[in-house]
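One file, start_5.txt, carrying compact mmCIF, C-alpha atoms and all ligand atoms:
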# COMPACT_ATOMS: atom_id res chain seq x y z
CA MET A 165 -218.00 127.51 66.79
CA THR A 166 -214.80 126.92 68.74
CA ASP A 167 -214.14 124.27 71.41
CA PRO A 168 -214.01 125.25 75.11
CA LEU A 169 -210.60 125.58 76.75
CA PRO A 170 -209.34 122.34 78.35
CA PRO A 171 -210.19 122.44 82.09
CA ALA A 172 -206.49 122.39 83.10
CA VAL A 173 -205.87 125.50 80.99
CA ALA A 174 -209.02 127.27 82.21
CA GLU A 175 -208.04 126.57 85.84
CA ALA A 176 -204.47 127.81 85.36
CA LEU A 177 -205.76 130.91 83.55
CA ALA A 178 -208.15 131.72 86.40
CA SER A 179 -205.26 131.80 88.87
CA VAL A 180 -203.23 134.22 86.69
CA LEU A 181 -206.04 136.67 85.93
CA PRO A 182 -205.89 138.59 89.23
CA TRP A 183 -202.50 139.94 88.09
CA ALA A 184 -203.21 140.39 84.41
CA SER A 185 -205.43 143.49 84.27
CA PRO A 186 -204.38 146.05 83.14
CA GLY A 187 -200.71 145.19 83.48
CA HIS A 188 -197.66 146.09 81.49
CA PHE A 189 -194.85 143.50 81.35
CA LEU A 190 -191.77 145.73 81.26
CA THR A 191 -189.42 144.13 83.80
CA GLY A 192 -191.20 140.81 84.23
CA LEU A 193 -191.46 141.48 87.97
CA GLU A 194 -194.97 142.96 87.62
CA PRO A 195 -196.90 139.72 88.31
CA GLY A 196 -195.06 139.17 91.62
CA LEU A 197 -193.82 135.75 92.69
CA ASP A 198 -197.24 134.10 92.84
CA GLY A 199 -198.23 135.56 89.47
CA THR A 200 -194.99 134.34 87.89
CA LEU A 201 -195.45 130.81 89.23
CA SER A 202 -199.06 130.86 87.97
CA LEU A 203 -197.85 131.93 84.53
CA LEU A 204 -195.46 128.97 84.52
CA ASP A 205 -198.33 126.62 85.42
CA LEU A 206 -200.39 128.12 82.59
CA ALA A 207 -197.46 127.70 80.17
CA VAL A 208 -197.19 124.00 81.09
CA ALA A 209 -200.95 123.53 80.66
CA LEU A 210 -200.87 125.22 77.25
CA ARG A 211 -197.90 123.09 76.15
CA THR A 212 -199.53 119.88 77.41
CA HIS A 213 -202.92 120.59 75.80
CA GLN A 214 -201.70 122.45 72.73
CA ASP A 215 -203.91 120.62 70.20
CA GLU A 216 -207.10 121.28 72.18
CA VAL A 217 -206.03 124.91 72.72
CA ALA A 218 -205.47 125.35 68.99
CA ARG A 219 -209.03 124.12 68.38
CA ALA A 220 -210.42 126.40 71.10
CA ARG A 221 -208.75 129.55 69.61
CA PRO A 222 -209.13 131.45 72.91
CA LEU A 223 -207.72 134.70 71.46
CA ALA A 224 -209.65 134.71 68.17
CA GLY A 225 -210.20 138.33 67.12
CA ARG A 226 -207.42 139.66 69.39
CA VAL A 227 -204.35 141.43 68.00
CA PHE A 228 -200.74 141.56 69.23
CA ALA A 229 -198.53 144.19 67.57
CA GLY A 230 -194.76 143.70 67.88
CA MET A 231 -192.42 146.59 67.07
CA PHE A 232 -188.75 145.65 66.58
CA PHE A 233 -186.24 148.50 66.69
CA ASP A 234 -183.50 145.81 66.81
CA PRO A 235 -183.00 142.38 65.18
CA SER A 236 -184.54 139.18 66.46
CA LEU A 237 -185.05 135.57 65.43
CA ARG A 238 -186.54 133.82 68.47
CA THR A 239 -188.59 136.63 69.99
CA ARG A 240 -190.20 137.58 66.69
CA ALA A 241 -190.86 134.00 65.56
CA SER A 242 -191.98 132.66 68.94
CA MET A 243 -194.43 135.56 69.42
CA ALA A 244 -195.88 134.90 65.95
CA VAL A 245 -196.15 131.19 66.76
CA ALA A 246 -197.69 131.84 70.19
CA CYS A 247 -200.31 134.08 68.56
CA ALA A 248 -201.03 131.40 65.94
CA LYS A 249 -201.47 128.72 68.62
CA LEU A 250 -204.04 130.90 70.44
CA GLY A 251 -205.91 132.19 67.38
CA ALA A 252 -204.66 135.81 67.76
CA SER A 253 -203.26 137.95 64.93
CA PHE A 254 -199.64 139.12 64.95
CA VAL A 255 -198.79 142.49 63.39
CA GLU A 256 -195.05 143.10 63.01
CA LEU A 257 -193.43 146.53 62.54
CA GLN A 258 -189.82 147.66 62.03
CA PRO A 259 -189.19 151.39 62.54
CA GLY A 260 -186.92 152.86 59.92
CA THR A 261 -187.38 150.11 57.32
CA GLY A 262 -191.02 149.09 56.95
CA MET A 263 -192.45 152.11 58.80
CA TRP A 264 -191.70 155.73 59.61
CA THR A 265 -188.71 156.67 61.74
CA LEU A 266 -189.89 157.88 65.16
CA GLU A 267 -189.17 160.98 67.23
CA PHE A 268 -189.15 160.54 71.03
CA LYS A 269 -188.25 164.04 72.29
CA ASP A 270 -191.09 166.29 73.40
CA GLU A 271 -191.52 169.88 72.22
CA VAL A 272 -189.18 169.39 69.27
CA VAL A 273 -189.40 170.84 65.76
CA MET A 274 -189.50 167.72 63.62
CA ASP A 275 -187.54 169.00 60.62
CA GLY A 276 -185.00 166.10 60.66
CA MET A 277 -185.21 162.42 59.70
CA ALA A 278 -188.03 161.38 62.06
CA ALA A 279 -191.41 161.51 60.32
CA GLU A 280 -193.69 160.57 63.20
CA HIS A 281 -193.77 161.24 66.95
CA VAL A 282 -194.06 158.39 69.45
CA ARG A 283 -197.18 160.08 70.85
CA GLU A 284 -199.14 159.41 67.65
CA ALA A 285 -197.41 156.11 66.78
CA ALA A 286 -198.07 154.63 70.21
CA GLY A 287 -201.60 156.03 70.32
CA VAL A 288 -202.45 154.52 66.94
CA LEU A 289 -200.99 151.11 67.78
CA GLY A 290 -202.85 151.10 71.07
CA ARG A 291 -206.09 151.58 69.12
CA TYR A 292 -205.25 148.79 66.63
CA ALA A 293 -203.84 146.18 69.03
CA ASP A 294 -204.93 144.68 72.34
CA VAL A 295 -201.30 144.37 73.46
CA VAL A 296 -198.20 146.08 72.04
CA GLY A 297 -194.73 144.46 72.20
CA LEU A 298 -191.45 146.37 71.85
CA ARG A 299 -187.83 145.45 71.32
CA ALA A 300 -185.39 148.35 71.76
CA PHE A 301 -181.80 147.80 72.90
CA PRO A 302 -179.70 150.37 74.78
CA THR A 303 -177.91 152.91 72.61
CA ARG A 304 -174.84 153.01 74.90
CA GLY A 305 -175.84 156.42 76.21
CA GLN A 306 -175.93 157.25 79.93
CA TRP A 307 -176.89 154.09 81.87
CA LYS A 308 -178.87 156.22 84.34
CA ARG A 309 -181.29 156.97 81.48
CA GLU A 310 -181.01 153.67 79.59
CA ARG A 311 -181.93 151.63 82.66
CA THR A 312 -185.38 153.28 82.65
CA GLN A 313 -186.04 151.66 79.23
CA PRO A 314 -187.08 155.01 77.71
CA VAL A 315 -188.59 153.66 74.48
CA HIS A 316 -190.77 151.22 76.37
CA THR A 317 -191.75 153.87 78.89
CA ALA A 318 -192.74 156.30 76.12
CA PHE A 319 -195.01 153.69 74.55
CA ALA A 320 -196.44 152.77 77.95
CA ASP A 321 -197.22 156.47 78.50
CA HIS A 322 -198.96 157.01 75.16
CA ALA A 323 -200.34 153.68 73.85
CA GLY A 324 -203.33 153.30 76.17
CA ALA A 325 -202.74 149.53 75.88
CA PRO A 326 -200.60 147.07 77.83
CA ILE A 327 -196.95 146.91 76.72
CA VAL A 328 -194.83 143.74 76.64
CA ASN A 329 -191.06 144.17 76.70
CA LEU A 330 -189.54 142.04 73.94
CA GLU A 331 -186.07 143.02 75.27
CA GLY A 332 -185.02 146.41 76.49
CA PRO A 333 -181.87 147.79 78.09
CA PHE A 334 -182.73 146.58 81.59
CA ALA A 335 -184.73 143.37 81.20
CA HIS A 336 -185.75 140.64 78.78
CA PRO A 337 -188.75 139.37 80.70
CA CYS A 338 -190.08 137.02 78.01
CA GLN A 339 -186.70 135.27 77.98
CA GLY A 340 -186.71 135.23 81.77
CA LEU A 341 -190.14 133.62 81.94
CA ALA A 342 -189.13 130.97 79.39
CA ASP A 343 -185.89 130.35 81.29
CA ALA A 344 -187.83 129.87 84.53
CA LEU A 345 -189.99 127.33 82.68
CA THR A 346 -186.89 125.49 81.40
CA LEU A 347 -185.35 125.47 84.89
CA ARG A 348 -188.54 124.06 86.37
CA ASP A 349 -188.70 121.43 83.61
CA LEU A 350 -185.12 120.41 84.47
CA PHE A 351 -185.59 120.57 88.25
CA PRO A 352 -189.22 120.20 89.43
CA GLU A 353 -187.84 120.86 92.94
CA PRO A 354 -185.43 123.75 92.21
CA ASN A 355 -184.79 124.71 95.89
CA GLY A 356 -181.20 123.88 96.76
CA ARG A 357 -180.06 123.52 93.15
CA LYS A 358 -177.05 125.66 92.19
CA PHE A 359 -177.56 128.07 89.28
CA VAL A 360 -174.43 129.82 87.98
CA LEU A 361 -174.73 132.79 85.66
CA SER A 362 -171.32 133.32 84.09
CA TRP A 363 -170.08 136.25 82.03
CA ALA A 364 -168.56 135.07 78.75
CA PRO A 365 -166.37 136.81 76.18
CA HIS A 366 -167.91 138.42 73.10
CA PRO A 367 -166.55 140.99 70.65
CA LYS A 368 -169.61 143.23 71.13
CA GLN A 369 -170.75 145.17 74.20
CA LEU A 370 -174.06 143.36 74.59
CA PRO A 371 -176.96 144.52 76.81
CA MET A 372 -177.44 143.40 80.44
CA ALA A 373 -181.12 142.57 79.99
CA VAL A 374 -180.77 138.79 79.70
CA PRO A 375 -178.44 138.37 82.68
CA HIS A 376 -180.75 140.47 84.86
CA SER A 377 -183.82 138.46 83.85
CA ALA A 378 -182.00 135.12 84.16
CA LEU A 379 -180.89 135.95 87.72
CA TRP A 380 -184.45 136.91 88.66
CA ALA A 381 -185.82 133.72 87.06
CA ALA A 382 -183.53 131.42 89.05
CA ALA A 383 -183.98 133.41 92.26
CA SER A 384 -187.78 133.32 91.84
CA LEU A 385 -187.58 129.52 91.87
CA GLY A 386 -185.60 129.44 95.13
CA MET A 387 -182.33 128.29 93.57
CA ASP A 388 -178.88 128.97 95.02
CA VAL A 389 -177.79 131.63 92.53
CA THR A 390 -174.14 132.53 91.90
CA LEU A 391 -173.18 135.35 89.55
CA ALA A 392 -169.61 135.07 88.21
CA HIS A 393 -167.99 137.83 86.20
CA PRO A 394 -164.59 139.51 85.82
CA GLU A 395 -163.94 142.75 87.67
CA ASP A 396 -165.29 145.81 85.79
CA PHE A 397 -168.30 143.88 84.39
CA GLU A 398 -170.75 144.63 87.21
CA LEU A 399 -174.45 144.31 86.49
CA ASP A 400 -176.91 146.97 87.63
CA SER A 401 -176.88 147.26 91.44
CA ASP A 402 -180.69 147.47 91.71
CA ALA A 403 -181.01 144.34 89.53
CA LEU A 404 -178.65 142.51 91.90
CA ALA A 405 -180.60 143.74 94.93
CA THR A 406 -183.78 142.39 93.31
CA ALA A 407 -182.14 138.99 92.75
CA ASP A 408 -181.03 138.94 96.39
CA SER A 409 -184.47 139.90 97.64
CA LEU A 410 -186.20 137.26 95.47
CA ALA A 411 -183.78 134.59 96.67
CA ARG A 412 -184.44 135.49 100.32
CA GLU A 413 -188.20 135.37 99.71
CA THR A 414 -188.06 131.93 98.08
CA GLY A 415 -185.55 130.27 100.40
CA GLY A 416 -182.69 130.47 97.91
CA THR A 417 -179.38 132.31 98.09
CA PHE A 418 -177.59 134.88 95.97
CA SER A 419 -173.86 135.62 95.76
CA VAL A 420 -171.42 137.34 93.40
CA THR A 421 -167.84 136.26 92.69
CA HIS A 422 -164.96 137.07 90.34
CA ASN A 423 -163.58 133.53 90.81
CA ARG A 424 -165.06 131.45 87.99
CA ASP A 425 -163.47 128.17 89.16
CA ALA A 426 -165.04 128.45 92.60
CA ALA A 427 -168.36 129.47 91.01
CA PHE A 428 -168.65 126.31 88.90
CA ASP A 429 -168.00 123.92 91.82
CA GLY A 430 -171.15 121.82 92.29
CA ALA A 431 -173.18 123.73 89.69
CA ASP A 432 -176.44 122.16 88.49
CA VAL A 433 -176.85 124.78 85.76
CA VAL A 434 -174.31 126.98 83.99
CA TYR A 435 -175.98 129.87 82.16
CA ALA A 436 -173.51 131.75 79.96
CA LYS A 437 -174.05 135.31 78.78
CA ALA A 438 -171.86 138.09 77.45
CA TRP A 439 -172.44 141.72 78.38
CA GLY A 440 -170.59 145.00 78.22
CA ALA A 441 -169.50 147.18 81.13
CA VAL A 442 -171.50 150.40 81.61
CA SER A 443 -168.76 152.26 83.50
CA GLY A 444 -165.01 152.06 84.05
CA PRO A 445 -162.20 151.31 81.60
CA ALA A 446 -163.99 148.35 79.92
CA SER A 447 -167.02 150.49 79.01
CA THR A 448 -165.45 152.01 75.88
CA SER A 449 -165.28 149.91 72.71
CA ARG A 450 -161.47 149.88 72.87
CA GLY A 451 -161.51 149.02 76.57
CA HIS A 452 -164.00 146.20 75.92
CA ALA A 453 -161.82 144.75 73.15
CA ASP A 454 -158.72 144.89 75.40
CA ALA A 455 -160.57 143.27 78.30
CA VAL A 456 -162.06 140.49 76.17
CA ALA A 457 -158.63 139.73 74.68
CA HIS A 458 -157.40 138.95 78.20
CA LEU A 459 -160.51 137.05 79.30
CA ALA A 460 -160.78 134.31 76.65
CA ASP A 461 -160.56 131.69 79.43
CA TRP A 462 -164.06 132.76 80.55
CA SER A 463 -165.40 130.86 77.51
CA ILE A 464 -167.45 127.86 78.69
CA THR A 465 -165.90 124.40 78.23
CA GLN A 466 -166.94 120.81 79.01
CA LYS A 467 -164.67 120.97 82.07
CA ASP A 468 -166.81 123.79 83.51
CA LEU A 469 -169.87 121.52 83.40
CA HIS A 470 -168.22 118.70 85.30
CA ARG A 471 -167.31 120.26 88.63
CA GLY A 472 -169.81 118.07 90.44
CA ALA A 473 -172.84 116.29 89.04
CA PRO A 474 -172.86 117.22 85.34
CA ALA A 475 -174.35 120.70 84.99
CA ARG A 476 -176.86 121.66 82.31
CA PHE A 477 -175.77 124.40 79.93
CA MET A 478 -178.12 127.30 79.16
CA HIS A 479 -177.86 130.29 76.83
CA CYS A 480 -180.60 132.52 75.42
CA LEU A 481 -179.19 132.43 71.83
CA PRO A 482 -177.92 133.70 69.47
CA VAL A 483 -174.54 132.41 70.62
CA ARG A 484 -171.07 132.70 69.08
CA ARG A 485 -169.54 129.24 68.85
CA GLY A 486 -165.88 129.08 69.84
CA VAL A 487 -166.12 132.46 71.58
CA VAL A 488 -168.82 132.22 74.26
CA VAL A 489 -168.84 128.41 74.41
CA GLY A 490 -167.29 125.39 72.67
CA ASP A 491 -169.06 123.36 69.97
CA ASP A 492 -168.84 120.23 72.12
CA VAL A 493 -170.91 121.87 74.87
CA LEU A 494 -173.55 123.24 72.51
CA ASP A 495 -173.83 119.97 70.58
CA GLY A 496 -173.56 117.76 73.66
CA PRO A 497 -176.27 116.13 75.79
CA LEU A 498 -176.06 118.73 78.57
CA SER A 499 -177.17 121.64 76.38
CA SER A 500 -180.69 122.99 76.99
CA VAL A 501 -180.52 125.85 74.50
CA LEU A 502 -183.15 124.48 72.10
CA ASP A 503 -185.51 123.70 74.98
CA GLN A 504 -185.10 127.31 76.13
CA ALA A 505 -186.00 128.56 72.66
CA ASP A 506 -188.98 126.17 72.46
CA ASN A 507 -190.24 127.34 75.83
CA ARG A 508 -190.38 130.92 74.53
CA ILE A 509 -193.55 129.86 72.70
CA TRP A 510 -195.32 128.52 75.81
CA ALA A 511 -194.16 131.18 78.25
CA GLN A 512 -195.33 133.92 75.88
CA ALA A 513 -198.56 132.08 75.02
CA ALA A 514 -199.30 132.05 78.75
CA LEU A 515 -198.52 135.76 79.00
CA LEU A 516 -200.70 136.67 75.99
CA LEU A 517 -203.59 134.56 77.21
CA ALA A 518 -203.35 136.13 80.66
CA MET A 519 -203.27 139.65 79.19
CA MET A 520 -205.95 139.22 76.50
CA GLY A 521 -207.98 136.18 77.51
CA LYS A 522 -210.60 137.61 79.81
N1 LIG B 1 -183.07 135.08 72.88
C1 LIG B 1 -183.58 136.00 72.05
O1 LIG B 1 -184.25 136.95 72.47
O2 LIG B 1 -183.35 135.74 70.74
P1 LIG B 1 -183.59 136.81 69.58
O3 LIG B 1 -182.65 137.95 69.84
O4 LIG B 1 -183.26 136.07 68.30
O5 LIG B 1 -185.01 137.25 69.61
Whole structure given in structure tokens:
Amino acid sequence: MTDPLPPAVAEALASVLPWASPGHFLTGLEPGLDGTLSLLDLAVALRTHQDEVARARPLAGRVFAGMFFDPSLRTRASMAVACAKLGASFVELQPGTGMWTLEFKDEVVMDGMAAEHVREAAGVLGRYADVVGLRAFPTRGQWKRERTQPVHTAFADHAGAPIVNLEGPFAHPCQGLADALTLRDLFPEPNGRKFVLSWAPHPKQLPMAVPHSALWAAASLGMDVTLAHPEDFELDSDALATADSLARETGGTFSVTHNRDAAFDGADVVYAKAWGAVSGPASTSRGHADAVAHLADWSITQKDLHRGAPARFMHCLPVRRGVVVGDDVLDGPLSSVLDQADNRIWAQAALLLAMMGK
């Protein structure tokens, strides 16, 4: 026998369920604004009543399968922990090391390295698991194709089960949901608070998924959102249009600037993230290296956090100390990075319960 869910959790779950069936979570925009806010309420209820929830085991007998084409610490561990907290099982797979290498092209003669087609792999996983999670970064091919998150879309087409994006080329919705939770923890009344997402230097051409999801998270809460980046490091234009539209809907604002000093004035939150350009001179590896060499002053310092009331510092992690941000910021009292990582557990527990807890 298991205990019943605490009433606060049951109530919050009931308000999320209208969205949850039979939804994929590929961009994080699928629940809509009301659904997202309900997921945040459910995450808070799960975090507040975690001991009772662990006794209730609301997802006993359910299975979440996570396939990681690319490395992860937080996403992998926090999904395993979220499953454990809810009584679900977590099955983890790594194509190319612990499982067969996959083929994604249709009508192909599979006489190369790939031993299994995504049609069978996805179909099998969809039979084994109630929800399938996928991490697959962009391969620095054509952005027009990458932005459709082709690996995730292939699984969504063939799994016959809901798919959760554990970070793709276009979005990192689990990170975005956890970041929204952290922002609401910091500012219970987020309307009118200034959120600055700032590009930061990094030797690698990292994906744009986190910055897209972070912009959407802050805009969904009605914050005044400023995106600051050097010329040539534009984010996806549709992602920016979505941030603008969310901000208008929630009473917030959205603006883009190349002037980092002006951006930090009066900031309540500075969210740092590195990403690579998808077009123009900085999009090649040589062009990226040249650009980053001239943009070291985009690294976040204590001074950047004190251009008004002290601003909180956020980053999704992993972060390169001394490159993206100084040690004193990361180790100082204004850093929220560990709270962000902690909230991954509760945001994802809310998502899993909404998707599997009927
Ligand atoms: N923030 C994040 O997704 O961390 P991992 O890459 O370690 O999963």
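The environment of stretch 508-512 of chain A within 8 Å, counting all atoms listed in the file and disregarding residues fewer than 6 places along the same chain, consists of A:Leu203, A:Leu204, A:Ala207, A:Val208, A:Leu210, A:Arg211, A:Arg238, A:Thr239, A:Ser242, A:Met243, A:Val245, A:Ala246, A:Cys338, A:Gln339, A:Leu341, A:Ala342, A:Leu345.
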*Do you know which residues are within 8 Å of ligand LIG 1 (chain B) using all atoms listed in the file? Can you write them as a PyMOL selection string?*
chain A and resi 235-241+330-331+336+339+480-482+505
Which stretch 310-419 of chain A residues have any atom within 8 Å of an atom of stretch 452-472 of chain A, and for each, what is the nearest pair of atoms with distance in Å to one decimal, counting only C-alpha atoms, rows sorted by chain and number, as CSV?
residue,atom,partner,partner_atom,distance
A:Trp363,CA,A:Trp462,CA,7.1
A:Ala364,CA,A:Trp462,CA,5.4
A:Pro365,CA,A:Val456,CA,5.7
A:His366,CA,A:Val456,CA,6.9
A:Pro367,CA,A:Ala453,CA,6.5
A:Lys368,CA,A:His452,CA,8.0
A:Gln369,CA,A:His452,CA,7.0
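Comparing A:Ala392, A:Val488, A:Ala411, A:Ala218 by their smallest distance to A:Ala513, the closest is A:Ala218 (using only C-alpha atoms).
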Given only C-alpha atoms, how would the per-residue table for stretch 169-288 of chain A near stretch 292-298 of chain A read, listing every residue at most 8 Å away with its closest atom pair and distance in Å to one decimal, sorted by chain and number, as CSV?
residue,atom,partner,partner_atom,distance
A:Arg226,CA,A:Asp294,CA,6.3
A:Val227,CA,A:Ala293,CA,4.9
A:Phe228,CA,A:Val295,CA,5.1
A:Ala229,CA,A:Val296,CA,4.9
A:Gly230,CA,A:Gly297,CA,4.4
A:Met231,CA,A:Leu298,CA,4.9
A:Phe232,CA,A:Leu298,CA,6.0
A:Phe233,CA,A:Leu298,CA,7.6
A:Val288,CA,A:Tyr292,CA,6.4
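Comparing the minimum interatomic distances between A:Gln258 and each of A:Asp234, A:Val273, A:His393, A:Ser443, counting only C-alpha atoms, we find that A:Asp234 sits nearest.
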*Could you tell me which of A:Ala335, A:Leu206, A:Ala244, A:Ala286 comes closest to A:Glu175 if we count only C-alpha atoms?*
A:Leu206
